[in-house]
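To keep things clear, I will list the structure first and then write my remarks on it.
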Amino acid sequence: MKKKPPRILLALFAVLLTTAFSLSLAQTAGPDWVRMPLRTDKQKRLGYKGGEGFQMTWGISYCTADPKIVYTCSDTTQIWKSTDGGESWTPKHRGFLANGARSVLVDPVNPDIVFAAASLHNNYEDGHNKKDKAEGIYMSTDGGDTWTETHHTGIYRHEETRGNIFAADSKSAKGGRTMTLYCGSYEEGLLRTTDGGKHWTSVGLRNIPITEVVEDPDRPGEFYVATEKGLYEYRGGQPREIGNLQSYPRSISASPGGVLYAATGKAGLLKSTNRGTSFTPLTTGLPEAFFSDVAASPADPNVVYTKVSLGRIIAPYASTDAGKSWYPADNYDRAGVLLSEKLFYFPSPIAPHPTKPKEAIIASNGKGTILRTTDAGKNWDYSATGFTGGRMVDITFVDPTTMLFGLWDHGVYLTEDKGDSFVDLNKDHPTAKNTVKACAVDKDTFVMISNPTHGKTYLGVSYDRGQKWNYFQKMDRMPQVLFSSFHPTRENVIYAGYYRSDDRGKTWIPLDEPIMAMDPNNGDIVYSAKPLGSNADSQPDSDLNSESGMEMDSGADARVDTVVTPEITAGMDSKAMKKAARLAKKKAREEKANKGSGKKTGKEQCTILVSTNRGASWEPLGLPLPFKFGLIQDIEVAATTPERVLVAAQFELLWHYDTQRGWQQVTSKQGIAKNAFGRNFVKLVAVDPRNPNRVAIGKWAPALGQGDGVFLSTDGGNTFNNITGSMGPEVSIWGLEISPFDGAIYAGTSRGTYRLDQ
């Protein structure tokens, strides 16, 4: 008979269980944010809930056991799930720390088990030497509700393909799940698990980038592997090159009878009937173009889809005779509800339905929406309800229901019904890729600063609520913090970065320092920042605004080396030398401890500037800040009497200035908790115009993965609590504003805009 444990141990165990359960609840508890799809007025009238997509989808996977369940993954919005065959989508991201995923796979026999190749979506050159980032194989065993990393490995971006790098061994099902699966990595080659995804090992093709893995339908447990160095078969536990292709396969698909298709870029679309030993080109009905994607229906081998991309905005092609002849889609927007016709520019994953031969899902990857066909590719229809991704970086408020949204990559959108529907105001912008960094509105006059990825930065002004824009290509200098605003009392004065207009945007006066913030009550008082003692232009660090590419500073974790020089020790005896060394070490420890406390430690410094005459002259605000200028991400002014300014400064967190105390750093001790990576980055700060004691900050985790959302202070920015709630727990914040009319907080993320009503 086993001896019972003492009651005190049972009590302790109960306490531990209760604590663990409480912590679990705490991670999911919090306010309920409302997602705001950028739906059009027509979508609203037709009853569509909307879903703009706008981010690049990299993978689609049906569940073979239950085809109503479909998963997608994107480069920046992580994982999405549909339970109605792909008509509507819900984000599934708890525990998924990466920005997105390269591929996703649902276990063929168990819809609750899902695999994702997590990635920051760097290319190999930019990402292979970055440490501690979220990437590798993630697994969910509860239908996507929670995710856990099971193998850490480099997963990088393949610009010319969206092939699925996961494949399942269909003969390995045991105990209601698939035990043997494969995943193509970059440096580790082909990875295999034989215990259902818990452990993965390399089985060959190391240092060969893999673009797709497909099981041979005639020979379960044997696979085709497409790589950037050619086509391989994997049989008997060994890879062997086959095919002798002119160009490497971006995507492959297999059908019964030894049929294999390969999309080989400019070398065309190819077909093999002898398991890849030799190939013949497929041309009838197809253009001469770059072929990136191909997928054959598992329900009918005669139905095949292919995709042309990279510079050609062409809808998918389909075949119903196993590739002998092809036809383009007649229509891809029969309901006329798409936000844009600029679709299909990039490679696009194609997922045929497991049992319905004429049904398939595709991601357009121009404007990033989801489309579905039910007639073997003759027509494709909008199927993206709930699939949001318009990354808001700025909002300006006109009245309680009218707002102008500035988006990353996708320009400006206007809502006049508090986000229930939106109007696209980008029709005459001179560039296709239109990242709006700041916008301003006063009555019918709209202003935006547009910074495309490539090309000039545009200053746009509209006098008819965005129907027609005048673009001034004058912004040859980009400030560290982009800001635009109308003066609150002088209706003709507008601020826009390095420029001020005194005639309501008709002409612009260059300023010595860029406007980065304005006093909300007295618009003559404006703020800027610059490196201490430097007259250099306020240009941002090269990677500061990149979600995945920022060079990490070692921050407070930096190692402090203490050196006692000969000049210090000259004339000392050994006892004195030891004492000097101890004092030097103590000083070094104090400098490390004081990092960010406001005390000078010999590192780069910067200063906040204030002007009381609309930018004509400037004075420093308080003492210098003890970190480099490039860390400043946002500046917000809370009040004038007494003067209160807040600065968001990356891993230097939040800095708070008032005339009584000067500059004070707000850290984790005041509630700005560290993220899942054990780090802390503050990107944005917003103050409630109605209540300056209500301050919100937005966080991210550049070069690591997703950040940890939004924190709120009700005491003027002195202490904070995490309010990420249903939006998180892991989400990076790209835009953050508080409505001056009702106090609602708006957060821009890669998964779209969220609103938290007060």
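Chain lettering (A, B, ...) mirrors the order of the structure tokens, residue numbering begins at 1 for each chain separately, and ligand numbering begins at 1 in order of display.
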Cut-off 8 Å: closest region 55-165 of chain A/region 345-365 of chain A atom pairs per residue, using only C-alpha atoms, as CSV:
residue,atom,partner,partner_atom,distance
A:Gln55,CA,A:Asn365,CA,7.5
A:Met56,CA,A:Asn365,CA,5.4
A:Thr57,CA,A:Ala363,CA,6.1
A:Trp58,CA,A:Pro349,CA,6.2
A:Gly59,CA,A:Pro349,CA,5.6
A:Ile60,CA,A:Ala351,CA,6.0
A:Ser61,CA,A:Ala351,CA,6.5
A:Tyr62,CA,A:His353,CA,7.0
A:Thr64,CA,A:Pro354,CA,5.9
A:Pro67,CA,A:Pro354,CA,6.8
A:Gly86,CA,A:Ile361,CA,7.4
A:Glu159,CA,A:Pro347,CA,7.8
A:Glu160,CA,A:Pro347,CA,6.3
A:Thr161,CA,A:Pro347,CA,5.7
A:Arg162,CA,A:Pro349,CA,5.2
A:Gly163,CA,A:Pro349,CA,6.6
message: Could you pull out the strand (DSSP E) residues of region 176-209 of chain A, going by DSSP on the backbone, and write them as a list of chain:residue names?
response: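 Everything in region 176-209 of chain A that counts as strand (DSSP E) is A:Arg177, A:Thr178, A:Leu181, A:Tyr182, A:Cys183, A:Gly184, A:Leu190, A:Leu191, A:Arg192, A:Thr193, A:Thr201, A:Ser202.
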Mind writing the picked residues with N, CA and C atoms as a compact mmCIF listing (two decimals), in the first residue's frame?
# COMPACT_ATOMS: atom_id res chain seq x y z
N ARG A 177 -3.50 10.04 -35.13
CA ARG A 177 -2.65 11.13 -35.59
C ARG A 177 -1.57 10.58 -36.52
N THR A 178 -0.99 11.46 -37.32
CA THR A 178 0.11 11.07 -38.21
C THR A 178 1.41 11.17 -37.44
N LEU A 181 6.25 12.94 -40.36
CA LEU A 181 6.05 14.12 -41.20
C LEU A 181 7.41 14.68 -41.59
N TYR A 182 7.41 15.50 -42.63
CA TYR A 182 8.64 16.10 -43.14
C TYR A 182 8.46 17.62 -43.25
N CYS A 183 9.57 18.31 -43.09
CA CYS A 183 9.58 19.76 -43.26
C CYS A 183 10.90 20.17 -43.92
N GLY A 184 10.81 20.99 -44.93
CA GLY A 184 12.01 21.49 -45.60
C GLY A 184 12.52 22.75 -44.94
N LEU A 190 16.23 18.56 -45.22
CA LEU A 190 14.95 17.91 -45.01
C LEU A 190 14.88 17.36 -43.59
N LEU A 191 13.90 17.86 -42.82
CA LEU A 191 13.71 17.43 -41.44
C LEU A 191 12.59 16.40 -41.36
N ARG A 192 12.74 15.43 -40.46
CA ARG A 192 11.72 14.38 -40.30
C ARG A 192 11.41 14.19 -38.82
N THR A 193 10.14 13.96 -38.52
CA THR A 193 9.72 13.55 -37.20
C THR A 193 9.03 12.19 -37.31
N THR A 201 14.70 15.60 -36.89
CA THR A 201 16.11 15.39 -37.23
C THR A 201 16.29 15.53 -38.74
N SER A 202 17.48 15.92 -39.16
CA SER A 202 17.79 16.07 -40.58
C SER A 202 18.02 14.71 -41.21
9 Å contact set for region 309-319 of chain A, only C-alpha atoms, chain neighbours under 2 positions out, as a short mmCIF file (atom, residue, chain, number, x, y, z; two decimals) with C-alpha atoms, in the first residue's frame:
data_model
loop_
_atom_site.label_atom_id
_atom_site.label_comp_id
_atom_site.auth_asym_id
_atom_site.auth_seq_id
_atom_site.Cartn_x
_atom_site.Cartn_y
_atom_site.Cartn_z
CA GLU A 160 9.69 33.06 -56.16
CA GLY A 265 10.00 30.11 -63.43
CA GLY A 285 -3.29 28.15 -73.74
CA LEU A 286 -0.51 29.42 -71.48
CA ALA A 289 5.80 34.05 -68.46
CA PHE A 290 7.27 33.23 -65.07
CA PHE A 291 5.52 30.20 -63.55
CA SER A 292 5.65 30.10 -59.77
CA ASP A 293 2.85 27.82 -58.57
CA ASN A 302 -7.46 16.02 -64.57
CA VAL A 303 -8.00 19.32 -62.71
CA VAL A 304 -4.80 21.33 -62.36
CA TYR A 305 -4.13 24.98 -61.48
CA THR A 306 -1.10 27.15 -62.22
CA LYS A 307 -0.06 30.69 -61.49
CA ASP A 321 -7.53 17.61 -69.06
CA ALA A 322 -4.41 17.04 -66.95
CA GLY A 323 -2.52 19.94 -68.50
CA LYS A 324 -3.07 19.32 -72.20
CA SER A 325 -4.87 22.65 -72.54
CA TRP A 326 -5.37 25.62 -70.25
CA TYR A 327 -7.83 28.46 -69.83
CA PRO A 328 -7.59 31.71 -67.84
CA ALA A 329 -10.19 32.71 -65.29
CA ASP A 330 -13.19 34.53 -66.77
CA ASN A 331 -13.69 36.53 -63.60
CA TYR A 332 -12.25 36.88 -60.12
CA LYS A 342 -4.30 44.89 -58.35
CA LEU A 343 -4.13 41.18 -57.59
CA PHE A 344 -1.90 38.22 -58.44
CA TYR A 345 1.37 40.12 -58.82
CA PHE A 346 3.37 37.77 -56.58
CA PRO A 347 3.47 33.96 -56.31
CA SER A 348 0.30 32.63 -54.70
CA ILE A 362 -6.02 30.75 -53.75
CA SER A 364 -4.10 36.58 -54.69
CA GLY A 366 -1.34 41.44 -54.95
CA ALA A 376 -12.52 24.51 -61.62
CA GLY A 377 -11.00 27.97 -61.96
CA LYS A 378 -13.35 29.55 -64.47
#
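CA of Phe397 (chain A) sits 28.8 Å away from CA of Trp618 (chain A).
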Counting only C-alpha atoms, the residue of A:Ile449, A:Ala263, A:Val441, A:Met36 that sits nearest Asp464 (chain A): A:Val441
query: Excluding same-chain residues fewer than 2 positions from Leu511 (chain A), what lies within 8 Å of it counting only C-alpha atoms, as a list in words?
result: Tyr498, Tyr499, Arg500, Ile509, Glu513, Pro514, Gly615 and Ala616 of chain A
Write to file, as an mmCIF file, in the first residue's frame, the residues of the selection just made, with C-alpha atoms.
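Result file again-v7.cif:
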data_model
loop_
_atom_site.group_PDB
_atom_site.id
_atom_site.type_symbol
_atom_site.label_atom_id
_atom_site.label_comp_id
_atom_site.auth_asym_id
_atom_site.auth_seq_id
_atom_site.Cartn_x
_atom_site.Cartn_y
_atom_site.Cartn_z
ATOM 1 C CA TYR A 498 10.498 69.450 -42.025
ATOM 2 C CA TYR A 499 7.827 71.768 -43.457
ATOM 3 C CA ARG A 500 5.225 74.252 -42.295
ATOM 4 C CA ILE A 509 8.286 76.638 -45.701
ATOM 5 C CA GLU A 513 14.341 71.042 -37.394
ATOM 6 C CA PRO A 514 11.445 68.697 -38.140
ATOM 7 C CA GLY A 615 9.528 76.097 -35.434
ATOM 8 C CA ALA A 616 11.315 79.382 -36.153
#
message: Need the shell around Leu414 (chain A): protein/DNA/RNA residues with any atom at most 8 Å away, counting only C-alpha atoms. Skip same-chain ones fewer than 3 positions apart. Format as an NGL selection string?
response: :A and (402-405 or 422-425)
Serialized selection, C-alpha atoms, as an mmCIF file, in the first residue's frame:
data_model
loop_
_atom_site.group_PDB
_atom_site.id
_atom_site.type_symbol
_atom_site.label_atom_id
_atom_site.label_comp_id
_atom_site.auth_asym_id
_atom_site.auth_seq_id
_atom_site.Cartn_x
_atom_site.Cartn_y
_atom_site.Cartn_z
ATOM 1 C CA THR A 402 -15.185 60.384 -39.335
ATOM 2 C CA MET A 403 -11.543 59.266 -39.388
ATOM 3 C CA LEU A 404 -8.708 59.131 -41.899
ATOM 4 C CA PHE A 405 -6.543 56.013 -41.680
ATOM 5 C CA PHE A 422 -14.232 52.662 -45.690
ATOM 6 C CA VAL A 423 -13.459 54.562 -48.887
ATOM 7 C CA ASP A 424 -10.153 54.099 -50.736
ATOM 8 C CA LEU A 425 -8.593 57.538 -51.407
#
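Of the residues listed (A:Glu212, A:Phe741, A:Gly136, A:Ala118), A:Gly136 shows the shortest atom-to-atom separation from Glu187 (chain A); distances use only C-alpha atoms.
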